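Asks: Encoded as structure tokens, here's the structure I'll be asking about.
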Amino acid sequence: MEKGKVVVLEDRVPKLKERRRQKANRRLIAYLFFFFLFILCVLYFQSPLSAVRHVEVSGNRHLSAERIISLSGITKRTSFWKVNEQNVEAKLTRHPEIKEATVEKQLPNTIAIHVREWRRIAYVYDRQTFFPLLENGRLLKQEGTKTAPSDAPVLVGWKDGDAIAEMTGQLAELPAAVLGAMSEIHYKPTREYEDRVIVYMNDGYEVSATIRQFADKLSHYPAIAAALDRNVKGVIHLEVGNYFVPYTPPKKEDGDETTSP
């Protein structure tokens, strides 16, 4: 064996040991880094820092934000990372007045809830209480109020469940502007019209119509009312044809009086 080659190998041994030592040190540092990172994550998830701090509610009209937050089950002790959006949405839509719900996480610790409520198309007046009637036909007996509502008409004197169901379908087809123009809807069947109703409008007019053609007829109410003299109130008949009968017939002028031959 040549002497020069032996000297080169002996020189390389310390360098190999140093490289192995450096590699081991880097590995140890990496292990320590991930260990302390794990400890910090555990401490974070167990500390108040990971809890929900804000819950933002939008889209609600009749249900309060506090009520919706309570229904969601989210509190300030709830971990932000443990909130399951689908589970919270399912909880919210169990309420009869919530049609749809969307839950979104917003970093660092905010939960955004957007709801869409079933539209209230009328109120059923019974035992001096106003019960909301939803567009899907559901009557909210737990949400009754003693205060007269102004966002939808009140159904007065309705005892026939089938008639209410049919009327619900008609009201659901009307735009919000027409619904808001109605004050009360009374069920007044006659021999001629078994499904006749009387509608008292907020502008002072009275409408006589039938349930069967209610949505079709009342959708034209704004145009009909605009063509009438605002100073002369009366009944607008929409059962078959459309005509207006004032409460008090207009007085004839002296020149308009005629005599029969």
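Just remember, in the structure tokens the first chain shown is A, the second B, etc., residues are 1-based per chain, and ligands are 1-based in the order shown.
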Give me the residues within 6 Å of A:Phe131 as an mmCIF file with C-alpha atoms, in the first residue's frame, counting only C-alpha atoms and dropping any in the same chain fewer than 5 places off.

Replies:
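So selection-v9.cif came out as:
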data_model
loop_
_atom_site.group_PDB
_atom_site.id
_atom_site.type_symbol
_atom_site.label_atom_id
_atom_site.label_comp_id
_atom_site.auth_asym_id
_atom_site.auth_seq_id
_atom_site.Cartn_x
_atom_site.Cartn_y
_atom_site.Cartn_z
ATOM 1 C CA TYR A 123 -101.469 36.780 10.581
ATOM 2 C CA VAL A 124 -104.354 34.727 11.923
ATOM 3 C CA LEU A 140 -96.466 29.727 14.178
ATOM 4 C CA LYS A 141 -98.547 29.192 17.297
ATOM 5 C CA GLY A 144 -98.104 34.912 18.752
#

Asks: Could you give me, as a PDB file with all heavy atoms, in the first residue's frame, the residues within 8 Å of A:Trp158, counting only C-alpha atoms and dropping anything in the same chain fewer than 3 positions from it?

Replies:
ATOM      1  N   VAL A 124    -103.029  35.230  11.558  1.00  0.00           N
ATOM      2  CA  VAL A 124    -104.354  34.727  11.923  1.00  0.00           C
ATOM      3  C   VAL A 124    -104.718  35.286  13.293  1.00  0.00           C
ATOM      4  O   VAL A 124    -103.966  35.094  14.262  1.00  0.00           O
ATOM      5  CB  VAL A 124    -104.372  33.185  11.936  1.00  0.00           C
ATOM      6  CG1 VAL A 124    -105.725  32.672  12.428  1.00  0.00           C
ATOM      7  CG2 VAL A 124    -104.062  32.635  10.548  1.00  0.00           C
ATOM      8  N   LEU A 155    -105.882  37.868   8.992  1.00  0.00           N
ATOM      9  CA  LEU A 155    -107.042  37.051   8.603  1.00  0.00           C
ATOM     10  C   LEU A 155    -108.028  37.023   9.765  1.00  0.00           C
ATOM     11  O   LEU A 155    -107.692  36.550  10.855  1.00  0.00           O
ATOM     12  CB  LEU A 155    -106.598  35.633   8.247  1.00  0.00           C
ATOM     13  CG  LEU A 155    -105.582  35.492   7.105  1.00  0.00           C
ATOM     14  CD1 LEU A 155    -105.310  34.014   6.814  1.00  0.00           C
ATOM     15  CD2 LEU A 155    -106.062  36.187   5.838  1.00  0.00           C
ATOM     16  N   GLY A 161    -110.181  25.299   7.663  1.00  0.00           N
ATOM     17  CA  GLY A 161    -108.765  25.043   7.409  1.00  0.00           C
ATOM     18  C   GLY A 161    -108.434  24.958   5.933  1.00  0.00           C
ATOM     19  O   GLY A 161    -107.376  25.439   5.491  1.00  0.00           O
ATOM     20  N   ALA A 163    -109.965  26.527   3.510  1.00  0.00           N
ATOM     21  CA  ALA A 163    -110.010  27.885   2.966  1.00  0.00           C
ATOM     22  C   ALA A 163    -108.729  28.637   3.304  1.00  0.00           C
ATOM     23  O   ALA A 163    -108.184  29.372   2.470  1.00  0.00           O
ATOM     24  CB  ALA A 163    -111.225  28.631   3.515  1.00  0.00           C
ATOM     25  N   ILE A 164    -108.220  28.457   4.524  1.00  0.00           N
ATOM     26  CA  ILE A 164    -106.965  29.107   4.920  1.00  0.00           C
ATOM     27  C   ILE A 164    -105.810  28.594   4.071  1.00  0.00           C
ATOM     28  O   ILE A 164    -104.953  29.364   3.621  1.00  0.00           O
ATOM     29  CB  ILE A 164    -106.687  28.874   6.415  1.00  0.00           C
ATOM     30  CG1 ILE A 164    -107.737  29.603   7.274  1.00  0.00           C
ATOM     31  CG2 ILE A 164    -105.287  29.353   6.787  1.00  0.00           C
ATOM     32  CD1 ILE A 164    -107.557  29.380   8.765  1.00  0.00           C
ATOM     33  N   HIS A 186    -111.258  39.453   5.606  1.00  0.00           N
ATOM     34  CA  HIS A 186    -112.363  38.777   6.292  1.00  0.00           C
ATOM     35  C   HIS A 186    -112.972  37.724   5.370  1.00  0.00           C
ATOM     36  O   HIS A 186    -113.187  37.974   4.183  1.00  0.00           O
ATOM     37  CB  HIS A 186    -113.429  39.788   6.699  1.00  0.00           C
ATOM     38  CG  HIS A 186    -112.976  40.737   7.751  1.00  0.00           C
ATOM     39  ND1 HIS A 186    -113.508  40.740   9.035  1.00  0.00           N
ATOM     40  CD2 HIS A 186    -112.038  41.730   7.736  1.00  0.00           C
ATOM     41  CE1 HIS A 186    -112.915  41.694   9.749  1.00  0.00           C
ATOM     42  NE2 HIS A 186    -112.030  42.305   8.976  1.00  0.00           N
ATOM     43  N   TYR A 187    -113.266  36.571   5.937  1.00  0.00           N
ATOM     44  CA  TYR A 187    -113.875  35.477   5.183  1.00  0.00           C
ATOM     45  C   TYR A 187    -115.383  35.673   5.217  1.00  0.00           C
ATOM     46  O   TYR A 187    -116.021  35.513   6.251  1.00  0.00           O
ATOM     47  CB  TYR A 187    -113.464  34.139   5.819  1.00  0.00           C
ATOM     48  CG  TYR A 187    -113.922  32.917   5.057  1.00  0.00           C
ATOM     49  CD1 TYR A 187    -113.741  32.808   3.690  1.00  0.00           C
ATOM     50  CD2 TYR A 187    -114.522  31.854   5.730  1.00  0.00           C
ATOM     51  CE1 TYR A 187    -114.146  31.682   2.991  1.00  0.00           C
ATOM     52  CE2 TYR A 187    -114.927  30.712   5.048  1.00  0.00           C
ATOM     53  CZ  TYR A 187    -114.741  30.633   3.669  1.00  0.00           C
ATOM     54  OH  TYR A 187    -115.146  29.508   2.993  1.00  0.00           O
TER      55      TYR A 187
END

Asks: Name all residues at most 6 Å from A:Ser79 (count only C-alpha atoms; drop same-chain ones fewer than 6 positions away) and give them as a list of chain:residue names.

Replies: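 The filter keeps A:Ser50, A:Ala51, A:Val52.
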
Asks: Write the residues you've just listed into a file as an mmCIF file, in the first residue's frame, and include N, CA and C atoms for each of them.

Replies:
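Saved to selection34.cif:
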data_model
loop_
_atom_site.group_PDB
_atom_site.id
_atom_site.type_symbol
_atom_site.label_atom_id
_atom_site.label_comp_id
_atom_site.auth_asym_id
_atom_site.auth_seq_id
_atom_site.Cartn_x
_atom_site.Cartn_y
_atom_site.Cartn_z
ATOM 1 N N SER A 50 -58.199 30.442 21.265
ATOM 2 C CA SER A 50 -58.788 29.691 20.154
ATOM 3 C C SER A 50 -60.311 29.732 20.157
ATOM 4 N N ALA A 51 -60.908 30.418 21.119
ATOM 5 C CA ALA A 51 -62.369 30.470 21.225
ATOM 6 C C ALA A 51 -62.955 31.474 20.236
ATOM 7 N N VAL A 52 -64.225 31.299 19.924
ATOM 8 C CA VAL A 52 -64.942 32.230 19.044
ATOM 9 C C VAL A 52 -65.125 33.560 19.770
#

Asks: Excluding A:Val207 and residues on its chain fewer than 5 positions from it, collect all residues at most 10 Å away from it, counting only C-alpha atoms, and give them as a count of residues only.

Replies: 16

Asks: Rounded to one decimal in Å, what is the spacing between atom CA of A:Val55 and atom CA of A:Asn84?

Replies: 14.1 Å

Asks: Taking the DSSP assignment computed from this structure's backbone, write out as a ChimeraX atom specification all residues of stretch 134-178 of chain A that belong to alpha helix (DSSP H).

Replies: /A:161-172,176-178

Asks: Next, the residues of the selection above should be written as a PDB file, in the first residue's frame with N, CA and C atoms.

Replies:
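Generated output (selection_4.pdb):
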ATOM      1  N   GLY A 161    -110.181  25.299   7.663  1.00  0.00           N
ATOM      2  CA  GLY A 161    -108.765  25.043   7.409  1.00  0.00           C
ATOM      3  C   GLY A 161    -108.434  24.958   5.933  1.00  0.00           C
ATOM      4  N   ASP A 162    -109.334  24.369   5.130  1.00  0.00           N
ATOM      5  CA  ASP A 162    -109.095  24.270   3.690  1.00  0.00           C
ATOM      6  C   ASP A 162    -109.078  25.653   3.049  1.00  0.00           C
ATOM      7  N   ALA A 163    -109.965  26.527   3.510  1.00  0.00           N
ATOM      8  CA  ALA A 163    -110.010  27.885   2.966  1.00  0.00           C
ATOM      9  C   ALA A 163    -108.729  28.637   3.304  1.00  0.00           C
ATOM     10  N   ILE A 164    -108.220  28.457   4.524  1.00  0.00           N
ATOM     11  CA  ILE A 164    -106.965  29.107   4.920  1.00  0.00           C
ATOM     12  C   ILE A 164    -105.810  28.594   4.071  1.00  0.00           C
ATOM     13  N   ALA A 165    -105.786  27.281   3.830  1.00  0.00           N
ATOM     14  CA  ALA A 165    -104.717  26.694   3.031  1.00  0.00           C
ATOM     15  C   ALA A 165    -104.736  27.241   1.606  1.00  0.00           C
ATOM     16  N   GLU A 166    -105.944  27.356   1.034  1.00  0.00           N
ATOM     17  CA  GLU A 166    -106.052  27.890  -0.323  1.00  0.00           C
ATOM     18  C   GLU A 166    -105.660  29.365  -0.357  1.00  0.00           C
ATOM     19  N   MET A 167    -106.056  30.095   0.681  1.00  0.00           N
ATOM     20  CA  MET A 167    -105.723  31.514   0.737  1.00  0.00           C
ATOM     21  C   MET A 167    -104.223  31.704   0.902  1.00  0.00           C
ATOM     22  N   THR A 168    -103.578  30.823   1.641  1.00  0.00           N
ATOM     23  CA  THR A 168    -102.128  30.905   1.836  1.00  0.00           C
ATOM     24  C   THR A 168    -101.407  30.815   0.498  1.00  0.00           C
ATOM     25  N   GLY A 169    -101.829  29.877  -0.342  1.00  0.00           N
ATOM     26  CA  GLY A 169    -101.212  29.742  -1.655  1.00  0.00           C
ATOM     27  C   GLY A 169    -101.394  30.985  -2.507  1.00  0.00           C
ATOM     28  N   GLN A 170    -102.561  31.629  -2.405  1.00  0.00           N
ATOM     29  CA  GLN A 170    -102.821  32.847  -3.172  1.00  0.00           C
ATOM     30  C   GLN A 170    -101.956  34.011  -2.660  1.00  0.00           C
ATOM     31  N   LEU A 171    -101.883  34.169  -1.361  1.00  0.00           N
ATOM     32  CA  LEU A 171    -101.100  35.255  -0.790  1.00  0.00           C
ATOM     33  C   LEU A 171     -99.611  35.109  -1.090  1.00  0.00           C
ATOM     34  N   ALA A 172     -99.141  33.869  -1.145  1.00  0.00           N
ATOM     35  CA  ALA A 172     -97.714  33.626  -1.413  1.00  0.00           C
ATOM     36  C   ALA A 172     -97.311  34.092  -2.804  1.00  0.00           C
ATOM     37  N   ALA A 176     -94.555  41.732  -2.192  1.00  0.00           N
ATOM     38  CA  ALA A 176     -94.560  42.308  -0.845  1.00  0.00           C
ATOM     39  C   ALA A 176     -95.292  43.646  -0.792  1.00  0.00           C
ATOM     40  N   ALA A 177     -95.223  44.436  -1.874  1.00  0.00           N
ATOM     41  CA  ALA A 177     -95.874  45.754  -1.883  1.00  0.00           C
ATOM     42  C   ALA A 177     -97.391  45.628  -1.762  1.00  0.00           C
ATOM     43  N   VAL A 178     -97.970  44.643  -2.420  1.00  0.00           N
ATOM     44  CA  VAL A 178     -99.426  44.451  -2.343  1.00  0.00           C
ATOM     45  C   VAL A 178     -99.820  43.893  -0.984  1.00  0.00           C
TER      46      VAL A 178
END

Asks: Please provide the set of residues having any atom within 9 Å of A:Thr102, restricted to only C-alpha atoms, with same-chain residues fewer than 4 positions apart removed, written as a short mmCIF file (atom, residue, chain, number, x, y, z; two decimals) with N, CA, C and O atoms, in the first residue's frame.

Replies:
data_model
loop_
_atom_site.label_atom_id
_atom_site.label_comp_id
_atom_site.auth_asym_id
_atom_site.auth_seq_id
_atom_site.Cartn_x
_atom_site.Cartn_y
_atom_site.Cartn_z
N GLU A 85 -69.54 23.72 10.31
CA GLU A 85 -70.50 24.57 9.62
C GLU A 85 -71.79 23.83 9.27
O GLU A 85 -72.89 24.37 9.45
N GLN A 86 -71.67 22.60 8.77
CA GLN A 86 -72.86 21.85 8.36
C GLN A 86 -73.76 21.53 9.56
O GLN A 86 -74.99 21.60 9.45
N VAL A 88 -74.04 23.28 12.34
CA VAL A 88 -74.69 24.51 12.79
C VAL A 88 -75.82 24.89 11.84
O VAL A 88 -76.91 25.30 12.28
N GLU A 89 -75.61 24.73 10.54
CA GLU A 89 -76.67 25.02 9.56
C GLU A 89 -77.88 24.11 9.79
O GLU A 89 -79.03 24.57 9.69
N ALA A 112 -69.55 33.82 10.75
CA ALA A 112 -70.57 34.59 10.04
C ALA A 112 -71.76 33.68 9.72
O ALA A 112 -71.60 32.63 9.11
N ILE A 113 -72.95 34.10 10.15
CA ILE A 113 -74.18 33.33 9.92
C ILE A 113 -75.13 34.16 9.06
O ILE A 113 -75.47 35.29 9.42
N HIS A 114 -75.53 33.61 7.94
CA HIS A 114 -76.52 34.28 7.08
C HIS A 114 -77.76 33.39 7.00
O HIS A 114 -77.66 32.20 6.67
N VAL A 115 -78.91 33.95 7.32
CA VAL A 115 -80.16 33.18 7.30
C VAL A 115 -81.13 33.78 6.30
O VAL A 115 -81.06 34.97 5.95
N ARG A 116 -82.03 32.94 5.85
CA ARG A 116 -83.14 33.37 4.99
C ARG A 116 -84.41 32.83 5.62
O ARG A 116 -84.59 31.62 5.73
#

Asks: Here is a test: counting only C-alpha atoms, which residue of A:Ile74, A:Val57, A:Leu107, A:Ile121 is nearest to A:Ser183?

Replies: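 Of A:Ile74, A:Val57, A:Leu107, A:Ile121, the one nearest A:Ser183, counting only C-alpha atoms, is A:Ile121.
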
Asks: Mind listing the strand (DSSP E) residues of stretch 18-246 of chain A, per DSSP on the backbone, as a ChimeraX atom specification?

Replies: /A:54-58,98-106,110-117,120-126,129-134,154-156,182-187,196-201,206-210,234-237,243-246

Asks: Which residues, written as a PDB file with N, CA and C atoms, in the first residue's frame, have at least one atom at most 12 Å from A:Lys99, with only C-alpha atoms counted and residues fewer than 3 positions away on the same chain left out?

Replies:
ATOM      1  N   GLY A  59     -79.314  38.812   7.356  1.00  0.00           N
ATOM      2  CA  GLY A  59     -80.456  38.229   6.648  1.00  0.00           C
ATOM      3  C   GLY A  59     -81.698  38.039   7.488  1.00  0.00           C
ATOM      4  N   ASN A  60     -81.593  38.200   8.794  1.00  0.00           N
ATOM      5  CA  ASN A  60     -82.754  37.989   9.669  1.00  0.00           C
ATOM      6  C   ASN A  60     -83.660  39.216   9.665  1.00  0.00           C
ATOM      7  N   GLU A  89     -75.613  24.731  10.536  1.00  0.00           N
ATOM      8  CA  GLU A  89     -76.672  25.021   9.564  1.00  0.00           C
ATOM      9  C   GLU A  89     -77.882  24.114   9.786  1.00  0.00           C
ATOM     10  N   ALA A  90     -77.620  22.843  10.092  1.00  0.00           N
ATOM     11  CA  ALA A  90     -78.720  21.909  10.358  1.00  0.00           C
ATOM     12  C   ALA A  90     -79.499  22.316  11.601  1.00  0.00           C
ATOM     13  N   LYS A  91     -78.808  22.781  12.639  1.00  0.00           N
ATOM     14  CA  LYS A  91     -79.477  23.239  13.858  1.00  0.00           C
ATOM     15  C   LYS A  91     -80.395  24.428  13.554  1.00  0.00           C
ATOM     16  N   LEU A  92     -79.893  25.363  12.770  1.00  0.00           N
ATOM     17  CA  LEU A  92     -80.654  26.577  12.493  1.00  0.00           C
ATOM     18  C   LEU A  92     -81.904  26.283  11.662  1.00  0.00           C
ATOM     19  N   THR A  93     -81.783  25.431  10.661  1.00  0.00           N
ATOM     20  CA  THR A  93     -82.935  25.154   9.789  1.00  0.00           C
ATOM     21  C   THR A  93     -83.988  24.279  10.460  1.00  0.00           C
ATOM     22  N   ARG A  94     -83.703  23.786  11.657  1.00  0.00           N
ATOM     23  CA  ARG A  94     -84.750  23.076  12.404  1.00  0.00           C
ATOM     24  C   ARG A  94     -85.817  24.045  12.908  1.00  0.00           C
ATOM     25  N   HIS A  95     -85.445  25.317  13.035  1.00  0.00           N
ATOM     26  CA  HIS A  95     -86.442  26.298  13.469  1.00  0.00           C
ATOM     27  C   HIS A  95     -87.439  26.512  12.338  1.00  0.00           C
ATOM     28  N   PRO A  96     -88.740  26.500  12.625  1.00  0.00           N
ATOM     29  CA  PRO A  96     -89.755  26.569  11.558  1.00  0.00           C
ATOM     30  C   PRO A  96     -89.727  27.851  10.741  1.00  0.00           C
ATOM     31  N   THR A 102     -76.547  29.702   6.174  1.00  0.00           N
ATOM     32  CA  THR A 102     -75.175  29.504   5.714  1.00  0.00           C
ATOM     33  C   THR A 102     -74.222  29.964   6.812  1.00  0.00           C
ATOM     34  N   HIS A 114     -75.531  33.611   7.940  1.00  0.00           N
ATOM     35  CA  HIS A 114     -76.520  34.278   7.084  1.00  0.00           C
ATOM     36  C   HIS A 114     -77.762  33.387   7.000  1.00  0.00           C
ATOM     37  N   VAL A 115     -78.912  33.954   7.320  1.00  0.00           N
ATOM     38  CA  VAL A 115     -80.159  33.178   7.300  1.00  0.00           C
ATOM     39  C   VAL A 115     -81.135  33.779   6.296  1.00  0.00           C
ATOM     40  N   ARG A 116     -82.034  32.939   5.850  1.00  0.00           N
ATOM     41  CA  ARG A 116     -83.141  33.371   4.994  1.00  0.00           C
ATOM     42  C   ARG A 116     -84.414  32.833   5.616  1.00  0.00           C
ATOM     43  N   GLU A 117     -85.282  33.724   6.034  1.00  0.00           N
ATOM     44  CA  GLU A 117     -86.498  33.325   6.732  1.00  0.00           C
ATOM     45  C   GLU A 117     -87.635  33.060   5.738  1.00  0.00           C
ATOM     46  N   TRP A 118     -88.551  32.184   6.158  1.00  0.00           N
ATOM     47  CA  TRP A 118     -89.787  32.030   5.403  1.00  0.00           C
ATOM     48  C   TRP A 118     -90.568  33.340   5.509  1.00  0.00           C
ATOM     49  N   ARG A 119     -91.163  33.769   4.427  1.00  0.00           N
ATOM     50  CA  ARG A 119     -91.891  35.036   4.417  1.00  0.00           C
ATOM     51  C   ARG A 119     -93.198  34.916   5.190  1.00  0.00           C
ATOM     52  N   ARG A 120     -93.488  35.904   6.015  1.00  0.00           N
ATOM     53  CA  ARG A 120     -94.772  35.980   6.705  1.00  0.00           C
ATOM     54  C   ARG A 120     -95.758  36.655   5.761  1.00  0.00           C
ATOM     55  N   LEU A 134     -96.878  31.520   7.624  1.00  0.00           N
ATOM     56  CA  LEU A 134     -95.756  31.551   6.693  1.00  0.00           C
ATOM     57  C   LEU A 134     -96.179  31.151   5.291  1.00  0.00           C
ATOM     58  N   GLU A 135     -95.345  31.487   4.321  1.00  0.00           N
ATOM     59  CA  GLU A 135     -95.649  31.199   2.920  1.00  0.00           C
ATOM     60  C   GLU A 135     -95.713  29.704   2.629  1.00  0.00           C
ATOM     61  N   ASN A 136     -95.095  28.876   3.485  1.00  0.00           N
ATOM     62  CA  ASN A 136     -95.169  27.429   3.297  1.00  0.00           C
ATOM     63  C   ASN A 136     -96.403  26.815   3.959  1.00  0.00           C
ATOM     64  N   ARG A 138     -97.311  27.105   7.167  1.00  0.00           N
ATOM     65  CA  ARG A 138     -97.152  26.782   8.587  1.00  0.00           C
ATOM     66  C   ARG A 138     -97.602  27.954   9.460  1.00  0.00           C
TER      67      ARG A 138
END
